[in-house]
Structures are given as structure tokens and as C-alpha cells.
Amino acid sequence: MGAQTRFKSSVQSGRKETVLDLAKFVDKGVQVKLTGGRQVTGTLKGYDQLLNLVLDEATEFLRDPEDPLKTTDQTRRLGLIVCRGTAVMLVSPTEGTDEIANPFVQPDGA
Amino acid sequence: MIFCLVYYLVLQLPLSLLKTAQGHPMLVELKNGETYNGHLVNCDTWMNIHLREVICTSKDGDRFWRMPECYIRGNTIKYLRVPDEVIDKVQEEKSRSDRRPPGVGRGRGRGREDSSKAKGIGRSMDDGAAKSTGGGRGRGGNRAGGGRGR
Amino acid sequence: MSSGLGLENLVDQTISVITNDGRNIVGILKGFDQATNIILDESHERVYSTKEGVQQLVLGLYIIRGDNISIVGELDEELDASLDLSLLRAHPLKPVIH
């Protein structure tokens, strides 16, 4: 909690560090992609302006050993983890994220 | 001197263009080959971007995910595909602000929402090109889109 | 304001860009910055293959991140117009390996 309030005050002091306010994701499920191809989901417990993240009950999606760029549905539990900010490539909320069929087959309105 | 002035009028910075593209749909390809189609909410000087209503396409264009929003770190971006009209917008804003005394009216992004616009971006594209915009470099039997076979 | 890049001389000219993933993108240079991020207008990709002629894909307005760019070159529009790309065969470039 302390880390969060400290971050908020640094935002209010003027310099906005990130384009995304992670505060709204706290205690919610997030999906994080890391450089090198790892992909984890977990509950966001904390963060800082360098995008270091604390994830609780984190799960990593294992990757196809043949093709490490592809993730499989196999997972492994990691528990409480810290994601180093410099390795964070992408953050998105888990809620509302779903795999869908190809939406581009017939470009709508085109 | 005149030479410099001409450059100043013509040249624009990639990040200013990106800033101007706020609210517009765009396609972002990451270094790992994944593409993200969404509306730009915000961006910063590191090219970190925040997209809304996103469709993520896997590297080989055979899997798709919908996500309400996502944050992408700038240094993982390979390129961004921006709607054509955005470049005219920058020019407009530039010439408008040029007439004003410096330091006044630096306001840029004008947070307009144009939901009536189709997702796909780009001009007068034939089917093939339109498809490859959509699915990133999607395959789907379309040689224009997935023909690189990497 | 000279960045010493030499790219300012190419603004509003057609340029050819080779990216780290081996793509060739041709378009009009509209802008750039210190990190060699570039704005390309009316851009298209040229896809080379040994089996068929060069395919041109319309891309439109592009911002290419500087760290993904290998080569930026001036395009001789006259020479380019005289080429029949449909007859041109070439191996696609391999991506840069870091």
C-alpha cells in the first residue's frame, strides 16, 4: 500500500512517468508478456514507475519446446513474483481478454 | 536560413505524429512479430503506448485475442501503421501553432472519438492488402499477407 | 538543428528502407528523429521471391522504429520507374541476427 501512495504522490508532483495508470489494475488480474517470450498472468499487487510489477498467484504459460515463440495451454504456478520492469513488454487486463476467431476474414465496412 | 525554415515547416517528428494519432485506430507490430490493432489512447516520449479495444494477432497470424486495453513498452515496437489522414492533421496543427507566438497553445491531442470509422486503416487497398492490415501479416492462404514464410 | 544524420536531405523524397527483419519498404520520408525513428508516407513493401516477380503491398502511413532499421537509402525514382518489378527475381533478405 505504501508503495502505491508514494507512486501517486510522484504522479501528482508533476512528472508523469507512464502512459498507463496501473492503479486501476491493482488487485485485478493482469497478463504480462516479457521480453524473451515468457508470458504470465497474476493479480497485480504493486508496481513502480519503472514498471516493476508484483504479481500474486502468478501462473506462467509454458511454451512449445519446438517453437519457443508459441505459448501452449500448459501452465505452471509461480506464486508471488516480481516482474522486472525492463523486461516487461506488454501489460493488459485478464478480464475481457479472450481468444477469438479470425476477425479479419471479412474486414467490416471495407 | 530560408533553407532551415523550409525544413522546419516540412519535417515532423515521428513521436509528434504518434501523439497526433491519439484516438485513431492503428496497427502496431512488435519485434516478436505479434501485431496489435487498436485505438491509441496515449503515448509518451519513449513510444510506450496505451491501446484500447485491441485485437492481438500471433506472429504467424493464426491465433487472435481480443483485449479491452493494453500497454506496450516502446522499445518492443517494430513499426506502427497510422491512418493516412493523421499526417495532414499534424501539418494543420503545425501551421496553426506557427502563427501563434511561441509558448501559447501547445495543446495537441484533441481526444476525438470516431467510432463510425472502420477498424481497418489505410487508403484504397485491394482485398489482399486490406486483409494483411487486419491480420497483421496473416496467412489464411493469402500470399500477399503471409508469403514471407519466416 | 543539424543532427548530422544526413536524413534531412531526404525529407519529402522517396526512400528505400531495409528493416532488421529483412523487409524492404519504399515510401516518402516525412520525418525522423535522433533515434532514426522515421515517418514514411505512401509507403509500400516490396516482397522479393525467386519464384515470382516482386510483390508490392500497400502499407500507407508508417512510423518505423529506429532500432528496427538497418539501411535507409535514397531511391532514384527515374531508375526505379524504368524497372519492371514483375520480372525481377531475388532471394528475400534474411533477418538480422543479434
# chains A, B, ... in the order shown; residues from 1 in each chain; ligands from 1
>>> residues_around(residues="A:Val32", least_positions_apart="4", cutoff="10 Å", atoms="only C-alpha atoms", output="ChimeraX atom specification")
/A:38-42,53,55,60,83,87-94 /B:70-71
>>> closest_atom_pairs(of="chain A", to="chain B", cutoff="7 Å", atoms="only C-alpha atoms", output="tab-separated table")
residue	atom	partner	partner_atom	distance
A:Val19	CA	B:Cys43	CA	5.7
A:Leu20	CA	B:His50	CA	6.3
A:Met89	CA	B:Arg73	CA	5.2
A:Leu90	CA	B:Ile72	CA	4.6
A:Val91	CA	B:Tyr71	CA	5.1
A:Ser92	CA	B:Cys70	CA	4.3
A:Gly96	CA	B:Met67	CA	5.8
A:Thr97	CA	B:Met67	CA	4.2
A:Asp98	CA	B:Trp65	CA	5.4
A:Glu99	CA	B:Trp65	CA	4.1
A:Ile100	CA	B:Trp65	CA	5.4
A:Ala101	CA	B:Phe64	CA	6.3
A:Asn102	CA	B:Phe64	CA	6.1
A:Phe104	CA	B:Gly134	CA	5.2
A:Pro107	CA	B:Gly120	CA	7.0
A:Asp108	CA	B:Ala118	CA	6.7
A:Gly109	CA	B:Ala118	CA	5.6
>>> write_last_selection(atoms="N, CA and C atoms", output="mmCIF file, in the first residue's frame")
data_model
loop_
_atom_site.group_PDB
_atom_site.id
_atom_site.type_symbol
_atom_site.label_atom_id
_atom_site.label_comp_id
_atom_site.auth_asym_id
_atom_site.auth_seq_id
_atom_site.Cartn_x
_atom_site.Cartn_y
_atom_site.Cartn_z
ATOM 1 N N VAL A 19 2.359 6.050 -19.549
ATOM 2 C CA VAL A 19 1.149 6.442 -20.245
ATOM 3 C C VAL A 19 -0.050 5.681 -19.691
ATOM 4 N N LEU A 20 0.243 4.680 -18.890
ATOM 5 C CA LEU A 20 -0.851 3.875 -18.355
ATOM 6 C C LEU A 20 -0.849 3.982 -16.842
ATOM 7 N N MET A 89 7.127 -6.249 -21.480
ATOM 8 C CA MET A 89 6.882 -5.818 -22.853
ATOM 9 C C MET A 89 5.462 -5.309 -23.009
ATOM 10 N N LEU A 90 4.552 -5.974 -22.321
ATOM 11 C CA LEU A 90 3.136 -5.690 -22.532
ATOM 12 C C LEU A 90 2.346 -6.029 -21.271
ATOM 13 N N VAL A 91 1.441 -5.150 -20.916
ATOM 14 C CA VAL A 91 0.553 -5.398 -19.783
ATOM 15 C C VAL A 91 -0.879 -5.210 -20.261
ATOM 16 N N SER A 92 -1.741 -6.161 -19.945
ATOM 17 C CA SER A 92 -3.150 -5.986 -20.280
ATOM 18 C C SER A 92 -3.993 -6.672 -19.212
ATOM 19 N N GLY A 96 -11.805 -9.721 -19.790
ATOM 20 C CA GLY A 96 -12.157 -9.213 -21.108
ATOM 21 C C GLY A 96 -11.210 -9.656 -22.192
ATOM 22 N N THR A 97 -10.120 -10.343 -21.809
ATOM 23 C CA THR A 97 -9.189 -10.845 -22.811
ATOM 24 C C THR A 97 -9.556 -12.280 -23.161
ATOM 25 N N ASP A 98 -9.876 -12.520 -24.407
ATOM 26 C CA ASP A 98 -10.292 -13.848 -24.834
ATOM 27 C C ASP A 98 -9.694 -14.154 -26.183
ATOM 28 N N GLU A 99 -9.452 -15.444 -26.399
ATOM 29 C CA GLU A 99 -9.048 -15.833 -27.735
ATOM 30 C C GLU A 99 -10.298 -15.849 -28.612
ATOM 31 N N ILE A 100 -10.174 -15.326 -29.812
ATOM 32 C CA ILE A 100 -11.325 -15.243 -30.704
ATOM 33 C C ILE A 100 -10.966 -15.837 -32.064
ATOM 34 N N ALA A 101 -11.996 -16.040 -32.879
ATOM 35 C CA ALA A 101 -11.760 -16.495 -34.245
ATOM 36 C C ALA A 101 -11.239 -15.323 -35.068
ATOM 37 N N ASN A 102 -10.662 -15.620 -36.209
ATOM 38 C CA ASN A 102 -10.095 -14.568 -37.060
ATOM 39 C C ASN A 102 -11.127 -13.472 -37.350
ATOM 40 N N PHE A 104 -10.616 -10.837 -39.038
ATOM 41 C CA PHE A 104 -10.224 -10.059 -40.213
ATOM 42 C C PHE A 104 -10.605 -10.736 -41.522
ATOM 43 N N PRO A 107 -13.119 -7.897 -43.679
ATOM 44 C CA PRO A 107 -12.984 -6.611 -42.996
ATOM 45 C C PRO A 107 -14.306 -5.855 -43.038
ATOM 46 N N ASP A 108 -14.853 -5.583 -41.838
ATOM 47 C CA ASP A 108 -16.158 -4.943 -41.796
ATOM 48 C C ASP A 108 -16.076 -3.507 -42.301
ATOM 49 N N GLY A 109 -17.077 -3.139 -43.035
ATOM 50 C CA GLY A 109 -17.153 -1.755 -43.510
ATOM 51 C C GLY A 109 -16.196 -1.448 -44.649
#
>>> select_by_dssp(residues="chain C", states="alpha helix (DSSP H)", output="ChimeraX atom specification")
/C:77-82
>>> closest_residue(among="C:Ile64, C:Leu85, C:Ile69, C:Ala35", to="C:Thr19", atoms="only C-alpha atoms")
C:Ile69
>>> closest_atom_pairs(of="chain B", to="chain C", cutoff="6 Å", atoms="only C-alpha atoms", output="Markdown table")
| residue | atom | partner | partner_atom | distance |
| --- | --- | --- | --- | --- |
| B:Leu11 | CA | C:Gly31 | CA | 5.0 |
| B:Gln12 | CA | C:Gly31 | CA | 4.7 |
| B:Leu13 | CA | C:Gly31 | CA | 5.3 |
| B:Pro14 | CA | C:Ile39 | CA | 5.7 |
| B:Lys78 | CA | C:Arg65 | CA | 5.6 |
| B:Tyr79 | CA | C:Ile64 | CA | 4.3 |
| B:Leu80 | CA | C:Ile63 | CA | 5.0 |
| B:Arg81 | CA | C:Tyr62 | CA | 4.6 |
| B:Val82 | CA | C:Leu61 | CA | 5.4 |
| B:Asp84 | CA | C:Leu61 | CA | 5.3 |
| B:Gly122 | CA | C:Gly60 | CA | 5.6 |
>>> write_last_selection(atoms="C-alpha atoms", output="PDB file, in the first residue's frame")
ATOM      1  CA  LEU B  11       9.819  17.981 -41.250  1.00  0.00           C
ATOM      2  CA  GLN B  12       7.938  16.396 -38.463  1.00  0.00           C
ATOM      3  CA  LEU B  13       8.911  14.116 -35.679  1.00  0.00           C
ATOM      4  CA  PRO B  14       7.676  10.554 -35.518  1.00  0.00           C
ATOM      5  CA  LYS B  78       8.957  -2.637 -34.739  1.00  0.00           C
ATOM      6  CA  TYR B  79       6.657  -0.251 -36.539  1.00  0.00           C
ATOM      7  CA  LEU B  80       3.292   1.469 -36.341  1.00  0.00           C
ATOM      8  CA  ARG B  81       0.804   1.815 -39.131  1.00  0.00           C
ATOM      9  CA  VAL B  82      -1.175   5.003 -38.775  1.00  0.00           C
ATOM     10  CA  ASP B  84      -3.214   8.391 -43.654  1.00  0.00           C
ATOM     11  CA  GLY B 122      -5.113   2.739 -44.864  1.00  0.00           C
TER      12      GLY B 122
END
>>> select_by_dssp(residues="chain C", states="strand (DSSP E or B)", output="PyMOL selection string")
chain C and resi 14-19+24-32+38-47+55-64+69-74
>>> residues_around(residues="stretch 69-77 of chain A", least_positions_apart="5", cutoff="7 Å", atoms="only C-alpha atoms", output="list in words")
Gly37, Ala58, Thr59, Glu60, Phe61, Leu62, Arg63 and Asp64 of chain A
>>> write_last_selection(atoms="N, CA and C atoms", output="PDB file, in the first residue's frame")
ATOM      1  N   GLY A  37       9.898 -13.869 -24.426  1.00  0.00           N
ATOM      2  CA  GLY A  37       8.771 -14.706 -24.791  1.00  0.00           C
ATOM      3  C   GLY A  37       7.957 -15.275 -23.654  1.00  0.00           C
ATOM      4  N   ALA A  58       0.811 -15.959  -9.401  1.00  0.00           N
ATOM      5  CA  ALA A  58       1.167 -15.869 -10.814  1.00  0.00           C
ATOM      6  C   ALA A  58       1.240 -17.249 -11.457  1.00  0.00           C
ATOM      7  N   THR A  59       0.852 -17.284 -12.708  1.00  0.00           N
ATOM      8  CA  THR A  59       0.904 -18.515 -13.497  1.00  0.00           C
ATOM      9  C   THR A  59       1.648 -18.202 -14.782  1.00  0.00           C
ATOM     10  N   GLU A  60       2.579 -19.062 -15.130  1.00  0.00           N
ATOM     11  CA  GLU A  60       3.285 -18.862 -16.391  1.00  0.00           C
ATOM     12  C   GLU A  60       2.707 -19.818 -17.431  1.00  0.00           C
ATOM     13  N   PHE A  61       2.523 -19.305 -18.621  1.00  0.00           N
ATOM     14  CA  PHE A  61       2.116 -20.172 -19.723  1.00  0.00           C
ATOM     15  C   PHE A  61       3.372 -20.797 -20.302  1.00  0.00           C
ATOM     16  N   LEU A  62       3.385 -22.105 -20.327  1.00  0.00           N
ATOM     17  CA  LEU A  62       4.572 -22.769 -20.863  1.00  0.00           C
ATOM     18  C   LEU A  62       4.557 -22.687 -22.375  1.00  0.00           C
ATOM     19  N   ARG A  63       5.747 -22.814 -22.935  1.00  0.00           N
ATOM     20  CA  ARG A  63       5.850 -22.645 -24.386  1.00  0.00           C
ATOM     21  C   ARG A  63       6.184 -23.953 -25.074  1.00  0.00           C
ATOM     22  N   ASP A  64       5.841 -23.969 -26.307  1.00  0.00           N
ATOM     23  CA  ASP A  64       6.124 -25.120 -27.151  1.00  0.00           C
ATOM     24  C   ASP A  64       7.641 -25.293 -27.239  1.00  0.00           C
TER      25      ASP A  64
END
>>> atom_distance(atom1="atom CA of B:Ile87", atom2="atom CA of C:Asp76")
24.3 Å
>>> closest_residue(among="C:Ile25, C:Glu77, C:Ala90, C:Ser16", to="C:Gly53", atoms="only C-alpha atoms")
C:Ala90
